[in-house]
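Structure file protein_17.cif (mmCIF, N, CA and C atoms and all ligand atoms) follows.
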```
data_query
loop_
_atom_site.group_PDB
_atom_site.id
_atom_site.type_symbol
_atom_site.label_atom_id
_atom_site.label_comp_id
_atom_site.auth_asym_id
_atom_site.auth_seq_id
_atom_site.Cartn_x
_atom_site.Cartn_y
_atom_site.Cartn_z
ATOM 1 N N MET A 100 -20.538 -14.394 -18.589
ATOM 2 C CA MET A 100 -21.509 -13.382 -18.119
ATOM 3 C C MET A 100 -20.866 -12.012 -17.991
ATOM 4 N N ASN A 101 -19.594 -11.940 -18.273
ATOM 5 C CA ASN A 101 -18.904 -10.683 -17.980
ATOM 6 C C ASN A 101 -18.139 -10.154 -19.186
ATOM 7 N N ASP A 102 -18.664 -10.462 -20.376
ATOM 8 C CA ASP A 102 -17.909 -10.041 -21.560
ATOM 9 C C ASP A 102 -18.181 -8.598 -21.956
ATOM 10 N N GLN A 103 -19.219 -8.021 -21.362
ATOM 11 C CA GLN A 103 -19.488 -6.611 -21.651
ATOM 12 C C GLN A 103 -19.435 -5.805 -20.366
ATOM 13 N N GLU A 104 -18.251 -5.531 -19.972
ATOM 14 C CA GLU A 104 -18.064 -4.772 -18.744
ATOM 15 C C GLU A 104 -18.447 -3.321 -18.988
ATOM 16 N N LYS A 105 -19.328 -2.827 -18.150
ATOM 17 C CA LYS A 105 -19.762 -1.439 -18.329
ATOM 18 C C LYS A 105 -18.800 -0.491 -17.643
ATOM 19 N N ARG A 106 -18.403 0.485 -18.378
ATOM 20 C CA ARG A 106 -17.512 1.481 -17.771
ATOM 21 C C ARG A 106 -18.024 2.875 -18.069
ATOM 22 N N PRO A 107 -18.194 3.652 -17.031
ATOM 23 C CA PRO A 107 -18.642 5.029 -17.248
ATOM 24 C C PRO A 107 -17.627 5.783 -18.102
ATOM 25 N N LYS A 108 -18.148 6.681 -18.895
ATOM 26 C CA LYS A 108 -17.255 7.457 -19.747
ATOM 27 C C LYS A 108 -16.286 8.270 -18.907
ATOM 28 N N GLY A 109 -15.071 8.269 -19.309
ATOM 29 C CA GLY A 109 -14.074 9.039 -18.575
ATOM 30 C C GLY A 109 -13.414 8.243 -17.468
ATOM 31 N N TYR A 110 -13.970 7.089 -17.223
ATOM 32 C CA TYR A 110 -13.367 6.264 -16.180
ATOM 33 C C TYR A 110 -12.119 5.596 -16.721
ATOM 34 N N ARG A 111 -11.056 5.806 -16.039
ATOM 35 C CA ARG A 111 -9.822 5.168 -16.450
ATOM 36 C C ARG A 111 -9.255 4.357 -15.307
ATOM 37 N N LYS A 112 -8.917 3.180 -15.643
ATOM 38 C CA LYS A 112 -8.344 2.347 -14.602
ATOM 39 C C LYS A 112 -6.901 2.781 -14.362
ATOM 40 N N ARG A 113 -6.682 3.281 -13.195
ATOM 41 C CA ARG A 113 -5.331 3.706 -12.861
ATOM 42 C C ARG A 113 -4.647 2.595 -12.098
ATOM 43 N N ARG A 114 -3.510 2.919 -11.574
ATOM 44 C CA ARG A 114 -2.755 1.871 -10.898
ATOM 45 C C ARG A 114 -3.255 1.616 -9.484
ATOM 46 N N SER A 115 -4.406 2.161 -9.155
ATOM 47 C CA SER A 115 -4.938 1.924 -7.827
ATOM 48 C C SER A 115 -5.420 0.481 -7.734
ATOM 49 N N GLY A 116 -5.473 -0.036 -6.540
ATOM 50 C CA GLY A 116 -5.911 -1.405 -6.366
ATOM 51 C C GLY A 116 -4.807 -2.392 -6.622
ATOM 52 N N GLU A 117 -3.638 -1.893 -6.906
ATOM 53 C CA GLU A 117 -2.527 -2.804 -7.153
ATOM 54 C C GLU A 117 -1.633 -2.963 -5.935
ATOM 55 N N TYR A 118 -2.057 -2.331 -4.890
ATOM 56 C CA TYR A 118 -1.269 -2.478 -3.667
ATOM 57 C C TYR A 118 -1.653 -3.760 -2.954
ATOM 58 N N ILE A 119 -0.693 -4.498 -2.560
ATOM 59 C CA ILE A 119 -0.963 -5.665 -1.736
ATOM 60 C C ILE A 119 -0.100 -5.549 -0.492
ATOM 61 N N CYS A 120 -0.788 -5.432 0.621
ATOM 62 C CA CYS A 120 -0.086 -5.256 1.884
ATOM 63 C C CYS A 120 0.768 -6.480 2.202
ATOM 64 N N HIS A 121 1.985 -6.246 2.573
ATOM 65 C CA HIS A 121 2.876 -7.366 2.874
ATOM 66 C C HIS A 121 2.628 -7.936 4.262
ATOM 67 N N CYS A 122 1.829 -7.233 5.044
ATOM 68 C CA CYS A 122 1.536 -7.761 6.376
ATOM 69 C C CYS A 122 0.297 -8.646 6.361
ATOM 70 N N CYS A 123 -0.816 -8.101 5.851
ATOM 71 C CA CYS A 123 -2.062 -8.869 5.875
ATOM 72 C C CYS A 123 -2.322 -9.571 4.546
ATOM 73 N N LYS A 124 -1.469 -9.316 3.553
ATOM 74 C CA LYS A 124 -1.570 -9.961 2.234
ATOM 75 C C LYS A 124 -2.880 -9.648 1.517
ATOM 76 N N GLN A 125 -3.483 -8.550 1.914
ATOM 77 C CA GLN A 125 -4.740 -8.166 1.290
ATOM 78 C C GLN A 125 -4.494 -7.097 0.242
ATOM 79 N N LYS A 126 -5.330 -7.112 -0.762
ATOM 80 C CA LYS A 126 -5.288 -6.072 -1.764
ATOM 81 C C LYS A 126 -5.837 -4.792 -1.146
ATOM 82 N N GLN A 127 -5.145 -3.711 -1.341
ATOM 83 C CA GLN A 127 -5.541 -2.468 -0.700
ATOM 84 C C GLN A 127 -5.633 -1.338 -1.714
ATOM 85 N N GLU A 128 -6.419 -0.342 -1.374
ATOM 86 C CA GLU A 128 -6.495 0.822 -2.254
ATOM 87 C C GLU A 128 -5.276 1.701 -2.084
ATOM 88 N N PHE A 129 -4.730 1.638 -0.902
ATOM 89 C CA PHE A 129 -3.542 2.429 -0.645
ATOM 90 C C PHE A 129 -2.636 1.725 0.340
ATOM 91 N N CYS A 130 -1.386 1.785 0.064
ATOM 92 C CA CYS A 130 -0.400 1.269 1.010
ATOM 93 C C CYS A 130 0.764 2.237 1.059
ATOM 94 N N TRP A 131 1.369 2.309 2.186
ATOM 95 C CA TRP A 131 2.663 2.950 2.249
ATOM 96 C C TRP A 131 3.603 1.987 1.539
ATOM 97 N N SER A 132 4.475 2.528 0.732
ATOM 98 C CA SER A 132 5.331 1.601 -0.003
ATOM 99 C C SER A 132 6.776 2.074 -0.005
ATOM 100 N N CYS A 133 7.633 1.143 -0.298
ATOM 101 C CA CYS A 133 9.069 1.391 -0.312
ATOM 102 C C CYS A 133 9.604 1.003 -1.687
ATOM 103 N N PRO A 134 10.652 1.665 -2.153
ATOM 104 C CA PRO A 134 11.234 1.305 -3.456
ATOM 105 C C PRO A 134 11.658 -0.156 -3.535
ATOM 106 N N CYS A 135 11.902 -0.791 -2.408
ATOM 107 C CA CYS A 135 12.326 -2.188 -2.440
ATOM 108 C C CYS A 135 11.170 -3.122 -2.738
ATOM 109 N N GLY A 136 9.957 -2.566 -2.703
ATOM 110 C CA GLY A 136 8.797 -3.395 -3.013
ATOM 111 C C GLY A 136 7.920 -3.676 -1.815
ATOM 112 N N PHE A 137 8.385 -3.325 -0.665
ATOM 113 C CA PHE A 137 7.582 -3.535 0.539
ATOM 114 C C PHE A 137 6.390 -2.597 0.558
ATOM 115 N N MET A 138 5.259 -3.129 0.946
ATOM 116 C CA MET A 138 4.051 -2.309 1.076
ATOM 117 C C MET A 138 3.344 -2.662 2.368
ATOM 118 N N ILE A 139 2.753 -1.653 2.952
ATOM 119 C CA ILE A 139 1.981 -1.906 4.170
ATOM 120 C C ILE A 139 0.747 -1.027 4.155
ATOM 121 N N CYS A 140 -0.390 -1.621 4.471
ATOM 122 C CA CYS A 140 -1.642 -0.868 4.424
ATOM 123 C C CYS A 140 -1.787 -0.018 5.677
ATOM 124 N N LYS A 141 -2.745 0.861 5.609
ATOM 125 C CA LYS A 141 -2.949 1.786 6.719
ATOM 126 C C LYS A 141 -3.208 1.079 8.035
ATOM 127 N N ASP A 142 -4.064 0.047 7.975
ATOM 128 C CA ASP A 142 -4.414 -0.669 9.193
ATOM 129 C C ASP A 142 -3.193 -1.331 9.825
ATOM 130 N N CYS A 143 -2.434 -2.026 8.995
ATOM 131 C CA CYS A 143 -1.249 -2.707 9.509
ATOM 132 C C CYS A 143 -0.214 -1.692 9.958
ATOM 133 N N PHE A 144 -0.169 -0.592 9.238
ATOM 134 C CA PHE A 144 0.774 0.446 9.619
ATOM 135 C C PHE A 144 0.464 0.952 11.021
ATOM 136 N N GLU A 145 -0.828 1.179 11.246
ATOM 137 C CA GLU A 145 -1.239 1.651 12.573
ATOM 138 C C GLU A 145 -0.856 0.644 13.647
ATOM 139 N N GLU A 146 -1.048 -0.617 13.331
ATOM 140 C CA GLU A 146 -0.734 -1.668 14.303
ATOM 141 C C GLU A 146 0.760 -1.761 14.586
ATOM 142 N N ASN A 147 1.539 -1.479 13.562
ATOM 143 C CA ASN A 147 2.988 -1.640 13.704
ATOM 144 C C ASN A 147 3.727 -0.327 13.886
ATOM 145 N N LYS A 148 2.947 0.712 14.022
ATOM 146 C CA LYS A 148 3.498 2.053 14.105
ATOM 147 C C LYS A 148 4.597 2.178 15.153
ATOM 148 N N TRP A 149 4.320 1.581 16.281
ATOM 149 C CA TRP A 149 5.275 1.679 17.391
ATOM 150 C C TRP A 149 6.633 1.111 17.005
ATOM 151 N N GLY A 150 6.626 0.175 16.051
ATOM 152 C CA GLY A 150 7.875 -0.482 15.695
ATOM 153 C C GLY A 150 8.578 0.117 14.498
ATOM 154 N N ILE A 151 7.790 0.708 13.596
ATOM 155 C CA ILE A 151 8.414 1.156 12.357
ATOM 156 C C ILE A 151 8.354 2.658 12.132
ATOM 157 N N SER A 152 7.519 3.344 12.907
ATOM 158 C CA SER A 152 7.377 4.772 12.644
ATOM 159 C C SER A 152 7.973 5.612 13.753
ATOM 160 N N ASN A 153 8.500 6.730 13.325
ATOM 161 C CA ASN A 153 9.090 7.643 14.279
ATOM 162 C C ASN A 153 8.697 9.056 13.877
ATOM 163 N N GLY A 154 7.441 9.405 14.141
ATOM 164 C CA GLY A 154 6.948 10.728 13.741
ATOM 165 C C GLY A 154 6.702 10.802 12.251
ATOM 166 N N PRO A 155 7.381 11.711 11.578
ATOM 167 C CA PRO A 155 7.096 11.925 10.147
ATOM 168 C C PRO A 155 7.748 10.887 9.241
ATOM 169 N N THR A 156 8.486 9.976 9.811
ATOM 170 C CA THR A 156 9.147 8.967 8.985
ATOM 171 C C THR A 156 8.795 7.570 9.459
ATOM 172 N N TRP A 157 9.018 6.621 8.590
ATOM 173 C CA TRP A 157 8.887 5.220 8.993
ATOM 174 C C TRP A 157 10.018 4.443 8.343
ATOM 175 N N ILE A 158 10.321 3.339 8.912
ATOM 176 C CA ILE A 158 11.444 2.556 8.421
ATOM 177 C C ILE A 158 10.940 1.255 7.819
ATOM 178 N N CYS A 159 11.335 1.029 6.601
ATOM 179 C CA CYS A 159 10.952 -0.205 5.928
ATOM 180 C C CYS A 159 11.582 -1.391 6.652
ATOM 181 N N PRO A 160 10.768 -2.327 7.086
ATOM 182 C CA PRO A 160 11.316 -3.473 7.810
ATOM 183 C C PRO A 160 12.123 -4.413 6.912
ATOM 184 N N ASP A 161 11.952 -4.267 5.627
ATOM 185 C CA ASP A 161 12.687 -5.144 4.710
ATOM 186 C C ASP A 161 14.107 -4.640 4.453
ATOM 187 N N CYS A 162 14.212 -3.367 4.090
ATOM 188 C CA CYS A 162 15.533 -2.857 3.700
ATOM 189 C C CYS A 162 16.048 -1.786 4.644
ATOM 190 N N GLU A 163 15.233 -1.450 5.641
ATOM 191 C CA GLU A 163 15.602 -0.459 6.641
ATOM 192 C C GLU A 163 15.843 0.925 6.090
ATOM 193 N N ARG A 164 15.285 1.162 4.938
ATOM 194 C CA ARG A 164 15.345 2.491 4.357
ATOM 195 C C ARG A 164 14.409 3.402 5.146
ATOM 196 N N ILE A 165 14.809 4.628 5.331
ATOM 197 C CA ILE A 165 13.941 5.569 6.026
ATOM 198 C C ILE A 165 13.035 6.256 5.018
ATOM 199 N N ARG A 166 11.750 6.157 5.267
ATOM 200 C CA ARG A 166 10.766 6.673 4.332
ATOM 201 C C ARG A 166 9.994 7.804 4.967
ATOM 202 N N MET A 167 9.685 8.822 4.145
ATOM 203 C CA MET A 167 8.827 9.890 4.615
ATOM 204 C C MET A 167 7.378 9.419 4.520
ATOM 205 N N MET A 168 6.574 9.846 5.441
ATOM 206 C CA MET A 168 5.166 9.468 5.396
ATOM 207 C C MET A 168 4.418 10.307 4.362
HETATM 208 ZN ZN ZN B 201 -2.251 -4.864 5.873
HETATM 209 ZN ZN ZN B 202 12.271 -1.248 1.732
#
```
Please go through the file and, once you have read it, give me the structure as structure tokens.
Ligand SMILES: [Zn+2]
Ligand SMILES: [Zn+2]
Amino acid sequence: MNDQEKRPKGYRKRRSGEYICHCCKQKQEFCWSCPCGFMICKDCFEENKWGISNGPTWICPDCERIRMM
């Protein structure tokens, strides 16, 4: 039933939607991400902010790299 997918002209599938939050394991439109591969969605980030964020930066819980927001 899905062999003719309609796509508006000019629509290009970008790399969006490829984020998968490592906390809630959900596919997200946007995640904060780290070069090590760690990703965290906005919601989880907010929940864990107290633990991983320090103002304009946050620390990847996997590799402890300091990331700019
Ligand atoms: Zn999440
Ligand atoms: Zn990392």
Selection near segment 155-161 of chain A, 9 Å with only C-alpha atoms, sequence-local residues under 3 positions removed, as a ChimeraX atom specification:
/A:132-133,135-138,148,150-152,164-168
Give me the result of the PyMOL selection byres (((chain A and resi 124 and name CA) around 12) and not hetatm and name CA) on this file, residue by residue, as a list in words.
Glu117, Tyr118, Ile119, Cys120, His121, Cys122, Cys123, Gln125, Lys126, Gln127, Cys130, Phe137, Met138, Ile139, Cys140, Asp142 and Cys143 of chain A
Using only C-alpha atoms and all ligand atoms, the residue out of A:Gly154, A:Glu128, A:Pro134, A:Cys162 with shortest distance to ligand ZN 201 (chain B) is A:Glu128
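Coordinates place atom CA of Phe129 of chain A at a distance of 20.1 Å from atom CA of Trp149 of chain A.
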Show me, as JSON, the centre and edge lengths in Å to one decimal of the axis-aligned box that covers every listed atom of segment 117-124 of chain A with 8 Å on each side.
```
{"center_x": -0.4, "center_y": -5.9, "center_z": -0.4, "size_x": 22.5, "size_y": 24.1, "size_z": 29.5}
```
Using DSSP secondary structure from the backbone, list all strand (DSSP E or B) positions within segment 110-154 of chain A, as a PyMOL selection string.
chain A and resi 118-119+126-127+130-132+138-140+152-153
Please write the residues from the selection above to a file, keeping N, CA and C atoms, as a compact mmCIF listing (two decimals), keeping the file's coordinate frame.
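New file part30.txt:
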```txt
# COMPACT_ATOMS: atom_id res chain seq x y z
N TYR A 118 -2.06 -2.33 -4.89
CA TYR A 118 -1.27 -2.48 -3.67
C TYR A 118 -1.65 -3.76 -2.95
N ILE A 119 -0.69 -4.50 -2.56
CA ILE A 119 -0.96 -5.66 -1.74
C ILE A 119 -0.10 -5.55 -0.49
N LYS A 126 -5.33 -7.11 -0.76
CA LYS A 126 -5.29 -6.07 -1.76
C LYS A 126 -5.84 -4.79 -1.15
N GLN A 127 -5.14 -3.71 -1.34
CA GLN A 127 -5.54 -2.47 -0.70
C GLN A 127 -5.63 -1.34 -1.71
N CYS A 130 -1.39 1.78 0.06
CA CYS A 130 -0.40 1.27 1.01
C CYS A 130 0.76 2.24 1.06
N TRP A 131 1.37 2.31 2.19
CA TRP A 131 2.66 2.95 2.25
C TRP A 131 3.60 1.99 1.54
N SER A 132 4.47 2.53 0.73
CA SER A 132 5.33 1.60 0.00
C SER A 132 6.78 2.07 0.00
N MET A 138 5.26 -3.13 0.95
CA MET A 138 4.05 -2.31 1.08
C MET A 138 3.34 -2.66 2.37
N ILE A 139 2.75 -1.65 2.95
CA ILE A 139 1.98 -1.91 4.17
C ILE A 139 0.75 -1.03 4.16
N CYS A 140 -0.39 -1.62 4.47
CA CYS A 140 -1.64 -0.87 4.42
C CYS A 140 -1.79 -0.02 5.68
N SER A 152 7.52 3.34 12.91
CA SER A 152 7.38 4.77 12.64
C SER A 152 7.97 5.61 13.75
N ASN A 153 8.50 6.73 13.32
CA ASN A 153 9.09 7.64 14.28
C ASN A 153 8.70 9.06 13.88
```
Length of the atom N of Trp131 of chain A to atom CA of Glu145 of chain A vector [Å]
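Answer for the atom N of Trp131 of chain A to atom CA of Glu145 of chain A separation: 10.7 Å.
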Rounded to one decimal in Å, what is the spacing between atom N of Asn153 of chain A and atom N of Lys141 of chain A?
14.8 Å
